[in-house]
There are 2 protein chains.
Amino acid sequence: MGSQGFLGEFEQLVLLAVIQEGDSAFALEVRRMIEDRTGRSISRGAFYTTLDRLERKGMATWTQETPKDQRRRAPLRLYRVTPEGLDALRESRRALDSLSRGLDALLERGR
Amino acid sequence: MGSQGFLGEFEQLVLLAVIQEGDSAFALEVRRMIEDRTGRSISRGAFYTTLDRLERKGMATWTQETPKDQRRRAPLRLYRVTPEGLDALRESRRALDSLSRGLDALLERGR
DNA sequence: ATTTCTCGTCTACATTATAGACTATCGGGT
DNA sequence: ACCCGATAGTCTATAATGTAGACGAGAAAT
């Protein structure tokens, strides 16, 4: 149910990017994906702060992971979106969609 | 062009609702539309503050209008989204879409 | 004139967004 | 071993957005 507490614009992008990577994603890969797909540039500070917030709100979690990948160094944060996070994302999407109805052409959506 | 300075989540909803009303819209009708379509409840303060901010950023404008509507009282704010506002909306939409690609089923989009 | 609507203003505070300096760790020279 | 460059993540501070509620003004009903 509508659990109050909506997602900010950037929070939505972060959650979506994690999901895009599959079931889970390494932090900086998520960052790179957002930069690549949206063209925005994101500082590390801005990025991790948002990740931490999402964690505190119970919308994302992470675990230390040391990828067996050949030339690998320190353990990394491997992120996952929680069911709550997915719900929040759906709710945001619902709001946006309901107010965008009929405006696809105007918004150049469908490109 | 990417004019920097992105729209917040709620700002997007407000801009979209103004557009939904047609070319222009009375303030409180916009508010009612957002409440109706999204189920969120919005205080007057929150609403006007956002409207003012959008105006300062050049994304919306308004004029005093005294509707010839029969039982009418004081003049009202009639809002309009500027071309800059529409651009910003498109850019936000683009970012969201590019990161939502392929996730429609998961996000229950297409409801 | 007093109450009661509706519309809008103003103030204050919470949450989110964002940058940049700082720390730590690993791998590769040398 | 020691230094260097690179990568990953932390911490602090500040700006921008989001949100509520008290307040004021005009018109209409009583």
# chains A, B, ... in the order shown; residues from 1 in each chain; ligands from 1
call {"tool": "select_by_dssp", "arguments": {"residues": "chain A", "states": "strand (DSSP E or B)", "output": "list in words"}}
result
Ala25, Phe26, Ala60, Thr61, Trp62, Thr63, Gln64, Glu65, Leu76, Arg77, Leu78, Tyr79, Arg80 and Val81 of chain A
call {"tool": "closest_atom_pairs", "arguments": {"of": "chain D", "to": "chain B", "cutoff": "7 Å", "atoms": "only C-alpha atoms (C1' of nucleotides)", "output": "Markdown table"}}
result
| residue | atom | partner | partner_atom | distance |
| --- | --- | --- | --- | --- |
| D:DT17 | C1' | B:Gly8 | CA | 6.5 |
| D:DG18 | C1' | B:Ala46 | CA | 6.9 |
| D:DT19 | C1' | B:Ala46 | CA | 5.1 |
| D:DA20 | C1' | B:Ser43 | CA | 6.7 |
| D:DG26 | C1' | B:Ala74 | CA | 6.3 |
| D:DA27 | C1' | B:Arg73 | CA | 5.5 |
call {"tool": "write_last_selection", "arguments": {"atoms": "all heavy atoms", "output": "tab-separated table (two decimals), in the first residue's frame"}}
result
chain	number	residue	atom	x	y	z
D	17	DT	P	15.71	22.99	-7.42
D	17	DT	OP1	15.79	22.78	-8.87
D	17	DT	OP2	15.07	24.20	-6.87
D	17	DT	O5'	14.98	21.69	-6.86
D	17	DT	C5'	15.10	21.41	-5.54
D	17	DT	C4'	14.27	20.27	-5.09
D	17	DT	O4'	14.45	20.30	-3.69
D	17	DT	C3'	12.78	20.40	-5.35
D	17	DT	O3'	12.21	19.08	-5.41
D	17	DT	C2'	12.33	21.21	-4.15
D	17	DT	C1'	13.26	20.68	-3.06
D	17	DT	N1	13.64	21.64	-2.01
D	17	DT	C2	13.59	21.18	-0.71
D	17	DT	O2	13.24	20.04	-0.42
D	17	DT	N3	13.93	22.09	0.24
D	17	DT	C4	14.33	23.38	0.05
D	17	DT	O4	14.62	24.09	1.01
D	17	DT	C5	14.37	23.81	-1.34
D	17	DT	C7	14.79	25.19	-1.67
D	17	DT	C6	14.03	22.92	-2.28
D	18	DG	P	10.61	18.86	-5.48
D	18	DG	OP1	10.37	17.54	-6.09
D	18	DG	OP2	9.94	20.07	-6.02
D	18	DG	O5'	10.27	18.75	-3.91
D	18	DG	C5'	10.74	17.62	-3.19
D	18	DG	C4'	10.03	17.47	-1.85
D	18	DG	O4'	10.44	18.54	-0.97
D	18	DG	C3'	8.50	17.54	-1.92
D	18	DG	O3'	8.01	16.50	-1.06
D	18	DG	C2'	8.18	18.94	-1.40
D	18	DG	C1'	9.32	19.18	-0.42
D	18	DG	N9	9.75	20.56	-0.23
D	18	DG	C8	10.04	21.51	-1.18
D	18	DG	N7	10.47	22.63	-0.67
D	18	DG	C5	10.46	22.41	0.70
D	18	DG	C6	10.83	23.26	1.78
D	18	DG	O6	11.27	24.42	1.72
D	18	DG	N1	10.67	22.65	3.01
D	18	DG	C2	10.22	21.37	3.19
D	18	DG	N2	10.12	20.95	4.43
D	18	DG	N3	9.88	20.57	2.20
D	18	DG	C4	10.02	21.15	0.99
D	19	DT	P	6.43	16.14	-0.98
D	19	DT	OP1	6.30	14.76	-0.53
D	19	DT	OP2	5.77	16.58	-2.22
D	19	DT	O5'	5.96	17.06	0.22
D	19	DT	C5'	6.51	16.79	1.51
D	19	DT	C4'	5.95	17.75	2.54
D	19	DT	O4'	6.73	18.96	2.56
D	19	DT	C3'	4.51	18.18	2.27
D	19	DT	O3'	3.66	17.50	3.18
D	19	DT	C2'	4.50	19.69	2.52
D	19	DT	C1'	5.88	19.96	3.06
D	19	DT	N1	6.43	21.26	2.59
D	19	DT	C2	6.86	22.16	3.53
D	19	DT	O2	6.82	21.94	4.72
D	19	DT	N3	7.32	23.34	3.04
D	19	DT	C4	7.40	23.72	1.71
D	19	DT	O4	7.84	24.82	1.39
D	19	DT	C5	6.94	22.72	0.77
D	19	DT	C7	6.98	23.02	-0.70
D	19	DT	C6	6.49	21.55	1.24
D	20	DA	P	2.06	17.93	3.37
D	20	DA	OP1	1.34	16.69	3.67
D	20	DA	OP2	1.63	18.78	2.25
D	20	DA	O5'	2.10	18.82	4.69
D	20	DA	C5'	2.95	18.43	5.76
D	20	DA	C4'	2.86	19.43	6.89
D	20	DA	O4'	3.60	20.63	6.54
D	20	DA	C3'	1.45	19.86	7.23
D	20	DA	O3'	1.32	19.81	8.64
D	20	DA	C2'	1.34	21.28	6.68
D	20	DA	C1'	2.79	21.77	6.71
D	20	DA	N9	3.16	22.68	5.63
D	20	DA	C8	2.97	22.48	4.28
D	20	DA	N7	3.44	23.46	3.53
D	20	DA	C5	3.97	24.35	4.46
D	20	DA	C6	4.63	25.59	4.30
D	20	DA	N6	4.87	26.15	3.12
D	20	DA	N1	5.03	26.22	5.42
D	20	DA	C2	4.78	25.65	6.60
D	20	DA	N3	4.18	24.49	6.88
D	20	DA	C4	3.80	23.88	5.75
D	26	DG	P	-8.73	42.89	0.24
D	26	DG	OP1	-8.17	43.86	-0.71
D	26	DG	OP2	-9.31	43.31	1.54
D	26	DG	O5'	-9.85	42.05	-0.52
D	26	DG	C5'	-9.51	41.38	-1.74
D	26	DG	C4'	-10.69	40.54	-2.17
D	26	DG	O4'	-10.86	39.46	-1.23
D	26	DG	C3'	-12.00	41.30	-2.20
D	26	DG	O3'	-12.68	40.96	-3.40
D	26	DG	C2'	-12.75	40.83	-0.96
D	26	DG	C1'	-12.19	39.45	-0.74
D	26	DG	N9	-12.10	39.02	0.65
D	26	DG	C8	-11.62	39.72	1.73
D	26	DG	N7	-11.66	39.03	2.85
D	26	DG	C5	-12.20	37.80	2.48
D	26	DG	C6	-12.48	36.65	3.26
D	26	DG	O6	-12.30	36.48	4.46
D	26	DG	N1	-13.02	35.64	2.48
D	26	DG	C2	-13.26	35.72	1.14
D	26	DG	N2	-13.79	34.64	0.57
D	26	DG	N3	-13.00	36.78	0.39
D	26	DG	C4	-12.48	37.78	1.13
D	27	DA	P	-14.07	41.69	-3.78
D	27	DA	OP1	-14.06	41.94	-5.24
D	27	DA	OP2	-14.37	42.78	-2.82
D	27	DA	O5'	-15.07	40.47	-3.51
D	27	DA	C5'	-14.83	39.26	-4.24
D	27	DA	C4'	-15.91	38.26	-3.91
D	27	DA	O4'	-15.71	37.78	-2.57
D	27	DA	C3'	-17.32	38.82	-3.97
D	27	DA	O3'	-18.15	37.81	-4.54
D	27	DA	C2'	-17.66	39.10	-2.51
D	27	DA	C1'	-16.88	37.99	-1.80
D	27	DA	N9	-16.42	38.28	-0.46
D	27	DA	C8	-15.86	39.44	0.01
D	27	DA	N7	-15.52	39.38	1.28
D	27	DA	C5	-15.89	38.11	1.67
D	27	DA	C6	-15.81	37.43	2.90
D	27	DA	N6	-15.27	37.96	4.00
D	27	DA	N1	-16.27	36.17	2.94
D	27	DA	C2	-16.78	35.63	1.84
D	27	DA	N3	-16.92	36.17	0.62
D	27	DA	C4	-16.45	37.43	0.61
call {"tool": "select_by_dssp", "arguments": {"residues": "chain A", "states": "helix (DSSP H, G or I)", "output": "ChimeraX atom specification"}}
result
/A:9-20,27-38,44-56,83-100
call {"tool": "atom_distance", "arguments": {"atom1": "CA of Arg37 (chain B)", "atom2": "CA of Phe6 (chain B)"}}
result
23.3 Å
call {"tool": "atom_distance", "arguments": {"atom1": "CA of Leu15 (chain A)", "atom2": "CA of Arg90 (chain A)"}}
result
11.0 Å
call {"tool": "closest_atom_pairs", "arguments": {"of": "chain C", "to": "chain B", "cutoff": "10 Å", "atoms": "only C-alpha atoms (C1' of nucleotides)", "output": "Markdown table"}}
result
| residue | atom | partner | partner_atom | distance |
| --- | --- | --- | --- | --- |
| C:DT6 | C1' | B:Arg73 | CA | 8.4 |
| C:DC7 | C1' | B:Leu76 | CA | 7.3 |
| C:DG8 | C1' | B:Tyr48 | CA | 8.2 |
| C:DT9 | C1' | B:Gly45 | CA | 8.7 |
| C:DC10 | C1' | B:Gly45 | CA | 9.1 |
| C:DT16 | C1' | B:Gly8 | CA | 9.3 |
| C:DA17 | C1' | B:Gly8 | CA | 9.6 |
call {"tool": "write_last_selection", "arguments": {"atoms": "all heavy atoms", "output": "compact mmCIF listing (two decimals), in the first residue's frame"}}
result
# COMPACT_ATOMS: atom_id res chain seq x y z
P DT C 6 -15.14 26.15 0.15
OP1 DT C 6 -15.78 25.12 -0.68
OP2 DT C 6 -14.20 25.77 1.23
O5' DT C 6 -14.38 27.20 -0.78
C5' DT C 6 -15.13 28.08 -1.63
C4' DT C 6 -14.18 29.11 -2.22
O4' DT C 6 -13.80 30.08 -1.21
C3' DT C 6 -12.88 28.48 -2.73
O3' DT C 6 -12.55 29.08 -3.98
C2' DT C 6 -11.85 28.87 -1.68
C1' DT C 6 -12.39 30.20 -1.19
N1 DT C 6 -11.98 30.56 0.20
C2 DT C 6 -11.50 31.84 0.43
O2 DT C 6 -11.40 32.67 -0.44
N3 DT C 6 -11.14 32.08 1.72
C4 DT C 6 -11.22 31.22 2.79
O4 DT C 6 -10.86 31.58 3.91
C5 DT C 6 -11.73 29.90 2.48
C7 DT C 6 -11.85 28.88 3.57
C6 DT C 6 -12.09 29.64 1.21
P DC C 7 -11.43 28.46 -4.92
OP1 DC C 7 -11.83 28.66 -6.33
OP2 DC C 7 -11.11 27.12 -4.41
O5' DC C 7 -10.22 29.44 -4.63
C5' DC C 7 -10.34 30.80 -5.05
C4' DC C 7 -9.11 31.58 -4.65
O4' DC C 7 -9.10 31.74 -3.23
C3' DC C 7 -7.78 30.93 -5.02
O3' DC C 7 -7.03 31.87 -5.80
C2' DC C 7 -7.11 30.66 -3.69
C1' DC C 7 -7.77 31.69 -2.78
N1 DC C 7 -7.79 31.39 -1.32
C2 DC C 7 -7.39 32.37 -0.40
O2 DC C 7 -7.03 33.48 -0.82
N3 DC C 7 -7.39 32.08 0.91
C4 DC C 7 -7.78 30.89 1.34
N4 DC C 7 -7.77 30.65 2.66
C5 DC C 7 -8.22 29.87 0.43
C6 DC C 7 -8.21 30.16 -0.87
P DG C 8 -5.66 31.42 -6.51
OP1 DG C 8 -5.52 32.15 -7.78
OP2 DG C 8 -5.57 29.96 -6.47
O5' DG C 8 -4.62 32.05 -5.49
C5' DG C 8 -4.72 33.45 -5.22
C4' DG C 8 -3.94 33.80 -3.98
O4' DG C 8 -4.52 33.13 -2.84
C3' DG C 8 -2.46 33.37 -4.02
O3' DG C 8 -1.68 34.55 -4.00
C2' DG C 8 -2.28 32.54 -2.76
C1' DG C 8 -3.47 32.94 -1.91
N9 DG C 8 -3.88 31.92 -0.95
C8 DG C 8 -4.45 30.69 -1.18
N7 DG C 8 -4.67 30.00 -0.10
C5 DG C 8 -4.22 30.84 0.92
C6 DG C 8 -4.19 30.64 2.32
O6 DG C 8 -4.57 29.66 2.97
N1 DG C 8 -3.65 31.74 2.98
C2 DG C 8 -3.19 32.89 2.36
N2 DG C 8 -2.70 33.84 3.15
N3 DG C 8 -3.22 33.09 1.06
C4 DG C 8 -3.74 32.03 0.40
P DT C 9 -0.11 34.50 -3.85
OP1 DT C 9 0.42 35.67 -4.56
OP2 DT C 9 0.34 33.13 -4.18
O5' DT C 9 0.13 34.73 -2.29
C5' DT C 9 -0.33 35.93 -1.70
C4' DT C 9 0.30 36.10 -0.32
O4' DT C 9 -0.21 35.09 0.58
C3' DT C 9 1.82 35.97 -0.31
O3' DT C 9 2.33 37.02 0.51
C2' DT C 9 2.07 34.61 0.31
C1' DT C 9 0.87 34.45 1.24
N1 DT C 9 0.43 33.06 1.47
C2 DT C 9 0.34 32.63 2.77
O2 DT C 9 0.62 33.32 3.73
N3 DT C 9 -0.11 31.34 2.92
C4 DT C 9 -0.47 30.47 1.92
O4 DT C 9 -0.88 29.35 2.18
C5 DT C 9 -0.34 30.99 0.58
C7 DT C 9 -0.69 30.13 -0.58
C6 DT C 9 0.10 32.24 0.42
P DC C 10 3.91 37.30 0.54
OP1 DC C 10 4.11 38.75 0.62
OP2 DC C 10 4.55 36.49 -0.53
O5' DC C 10 4.31 36.64 1.94
C5' DC C 10 3.40 36.73 3.03
C4' DC C 10 3.98 36.00 4.24
O4' DC C 10 3.41 34.68 4.33
C3' DC C 10 5.50 35.84 4.21
O3' DC C 10 6.01 36.25 5.47
C2' DC C 10 5.70 34.35 3.94
C1' DC C 10 4.44 33.73 4.50
N1 DC C 10 4.00 32.49 3.78
C2 DC C 10 3.54 31.39 4.53
O2 DC C 10 3.54 31.45 5.75
N3 DC C 10 3.13 30.29 3.87
C4 DC C 10 3.15 30.25 2.52
N4 DC C 10 2.71 29.15 1.92
C5 DC C 10 3.61 31.36 1.75
C6 DC C 10 4.02 32.45 2.41
P DT C 16 13.68 11.80 1.72
OP1 DT C 16 12.64 10.88 1.24
OP2 DT C 16 14.82 11.29 2.52
O5' DT C 16 14.29 12.48 0.41
C5' DT C 16 14.05 13.73 0.10
C4' DT C 16 14.82 14.26 -1.07
O4' DT C 16 15.58 15.38 -0.58
C3' DT C 16 15.82 13.37 -1.81
O3' DT C 16 15.74 13.72 -3.19
C2' DT C 16 17.14 13.75 -1.16
C1' DT C 16 16.94 15.23 -0.91
N1 DT C 16 17.66 15.86 0.21
C2 DT C 16 18.21 17.12 -0.03
O2 DT C 16 18.14 17.69 -1.10
N3 DT C 16 18.83 17.68 1.05
C4 DT C 16 18.96 17.15 2.30
O4 DT C 16 19.53 17.79 3.18
C5 DT C 16 18.38 15.82 2.48
C7 DT C 16 18.48 15.16 3.81
C6 DT C 16 17.77 15.26 1.44
P DA C 17 16.74 13.13 -4.30
OP1 DA C 17 16.04 13.09 -5.60
OP2 DA C 17 17.39 11.92 -3.78
O5' DA C 17 17.83 14.30 -4.39
C5' DA C 17 17.42 15.55 -4.90
C4' DA C 17 18.63 16.41 -5.22
O4' DA C 17 19.26 16.86 -4.01
C3' DA C 17 19.71 15.72 -6.05
O3' DA C 17 20.15 16.65 -7.02
C2' DA C 17 20.79 15.40 -5.01
C1' DA C 17 20.65 16.57 -4.05
N9 DA C 17 21.01 16.32 -2.65
C8 DA C 17 20.64 15.25 -1.88
N7 DA C 17 21.05 15.31 -0.63
C5 DA C 17 21.73 16.53 -0.59
C6 DA C 17 22.40 17.20 0.45
N6 DA C 17 22.48 16.73 1.70
N1 DA C 17 22.99 18.38 0.16
C2 DA C 17 22.88 18.87 -1.08
N3 DA C 17 22.27 18.33 -2.14
C4 DA C 17 21.71 17.15 -1.82
call {"tool": "closest_residue", "arguments": {"among": "B:Arg56, B:Arg80, B:Arg40, B:Arg32", "to": "chain A", "atoms": "only C-alpha atoms"}}
result
B:Arg40
call {"tool": "closest_residue", "arguments": {"among": "A:Leu54, A:Leu78, A:Leu16, A:Met59", "to": "chain B", "atoms": "only C-alpha atoms"}}
result
A:Leu16
call {"tool": "decode", "arguments": {"residues": "region 16-28 of chain D", "atoms": "N, CA and C atoms (P, O5', C5', C4', C3', O3' and C1' of nucleotides)", "output": "compact mmCIF listing (two decimals), in the first residue's frame"}}
result
# COMPACT_ATOMS: atom_id res chain seq x y z
P DA D 16 21.01 26.61 -5.05
O5' DA D 16 19.93 25.43 -5.07
C5' DA D 16 20.29 24.21 -5.66
C4' DA D 16 19.16 23.22 -5.52
C3' DA D 16 17.77 23.77 -5.89
O3' DA D 16 17.18 22.80 -6.73
C1' DA D 16 17.73 22.84 -3.71
P DT D 17 15.71 22.99 -7.42
O5' DT D 17 14.98 21.69 -6.86
C5' DT D 17 15.10 21.41 -5.54
C4' DT D 17 14.27 20.27 -5.09
C3' DT D 17 12.78 20.40 -5.35
O3' DT D 17 12.21 19.08 -5.41
C1' DT D 17 13.26 20.68 -3.06
P DG D 18 10.61 18.86 -5.48
O5' DG D 18 10.27 18.75 -3.91
C5' DG D 18 10.74 17.62 -3.19
C4' DG D 18 10.03 17.47 -1.85
C3' DG D 18 8.50 17.54 -1.92
O3' DG D 18 8.01 16.50 -1.06
C1' DG D 18 9.32 19.18 -0.42
P DT D 19 6.43 16.14 -0.98
O5' DT D 19 5.96 17.06 0.22
C5' DT D 19 6.51 16.79 1.51
C4' DT D 19 5.95 17.75 2.54
C3' DT D 19 4.51 18.18 2.27
O3' DT D 19 3.66 17.50 3.18
C1' DT D 19 5.88 19.96 3.06
P DA D 20 2.06 17.93 3.37
O5' DA D 20 2.10 18.82 4.69
C5' DA D 20 2.95 18.43 5.76
C4' DA D 20 2.86 19.43 6.89
C3' DA D 20 1.45 19.86 7.23
O3' DA D 20 1.32 19.81 8.64
C1' DA D 20 2.79 21.77 6.71
P DG D 21 -0.17 19.96 9.30
O5' DG D 21 -0.19 21.50 9.70
C5' DG D 21 0.85 22.01 10.52
C4' DG D 21 0.69 23.52 10.66
C3' DG D 21 -0.77 23.97 10.84
O3' DG D 21 -0.77 25.03 11.78
C1' DG D 21 0.17 25.10 9.03
P DA D 22 -2.18 25.53 12.42
O5' DA D 22 -1.78 27.03 12.82
C5' DA D 22 -0.41 27.34 13.12
C4' DA D 22 -0.10 28.75 12.65
C3' DA D 22 -1.24 29.72 12.92
O3' DA D 22 -0.69 30.99 13.23
C1' DA D 22 -0.83 29.64 10.61
P DC D 23 -1.67 32.19 13.71
O5' DC D 23 -1.82 33.09 12.40
C5' DC D 23 -0.65 33.67 11.83
C4' DC D 23 -1.00 34.33 10.51
C3' DC D 23 -2.21 35.26 10.56
O3' DC D 23 -1.79 36.57 10.22
C1' DC D 23 -2.27 33.87 8.64
P DG D 24 -2.81 37.83 10.40
O5' DG D 24 -3.23 38.13 8.89
C5' DG D 24 -2.23 38.45 7.93
C4' DG D 24 -2.87 38.68 6.57
C3' DG D 24 -4.08 39.62 6.60
O3' DG D 24 -4.01 40.46 5.46
C1' DG D 24 -4.70 37.52 5.69
P DA D 25 -5.07 41.68 5.29
O5' DA D 25 -5.43 41.63 3.74
C5' DA D 25 -5.11 40.49 2.96
C4' DA D 25 -6.07 40.41 1.78
C3' DA D 25 -7.22 41.41 1.83
O3' DA D 25 -7.60 41.71 0.51
C1' DA D 25 -8.07 39.22 2.03
P DG D 26 -8.73 42.89 0.24
O5' DG D 26 -9.85 42.05 -0.52
C5' DG D 26 -9.51 41.38 -1.74
C4' DG D 26 -10.69 40.54 -2.17
C3' DG D 26 -12.00 41.30 -2.20
O3' DG D 26 -12.68 40.96 -3.40
C1' DG D 26 -12.19 39.45 -0.74
P DA D 27 -14.07 41.69 -3.78
O5' DA D 27 -15.07 40.47 -3.51
C5' DA D 27 -14.83 39.26 -4.24
C4' DA D 27 -15.91 38.26 -3.91
C3' DA D 27 -17.32 38.82 -3.97
O3' DA D 27 -18.15 37.81 -4.54
C1' DA D 27 -16.88 37.99 -1.80
P DA D 28 -19.70 38.12 -4.87
O5' DA D 28 -20.39 37.17 -3.79
C5' DA D 28 -19.85 35.85 -3.59
C4' DA D 28 -20.61 35.14 -2.50
C3' DA D 28 -22.10 35.44 -2.48
O3' DA D 28 -22.78 34.23 -2.20
C1' DA D 28 -21.11 36.10 -0.42
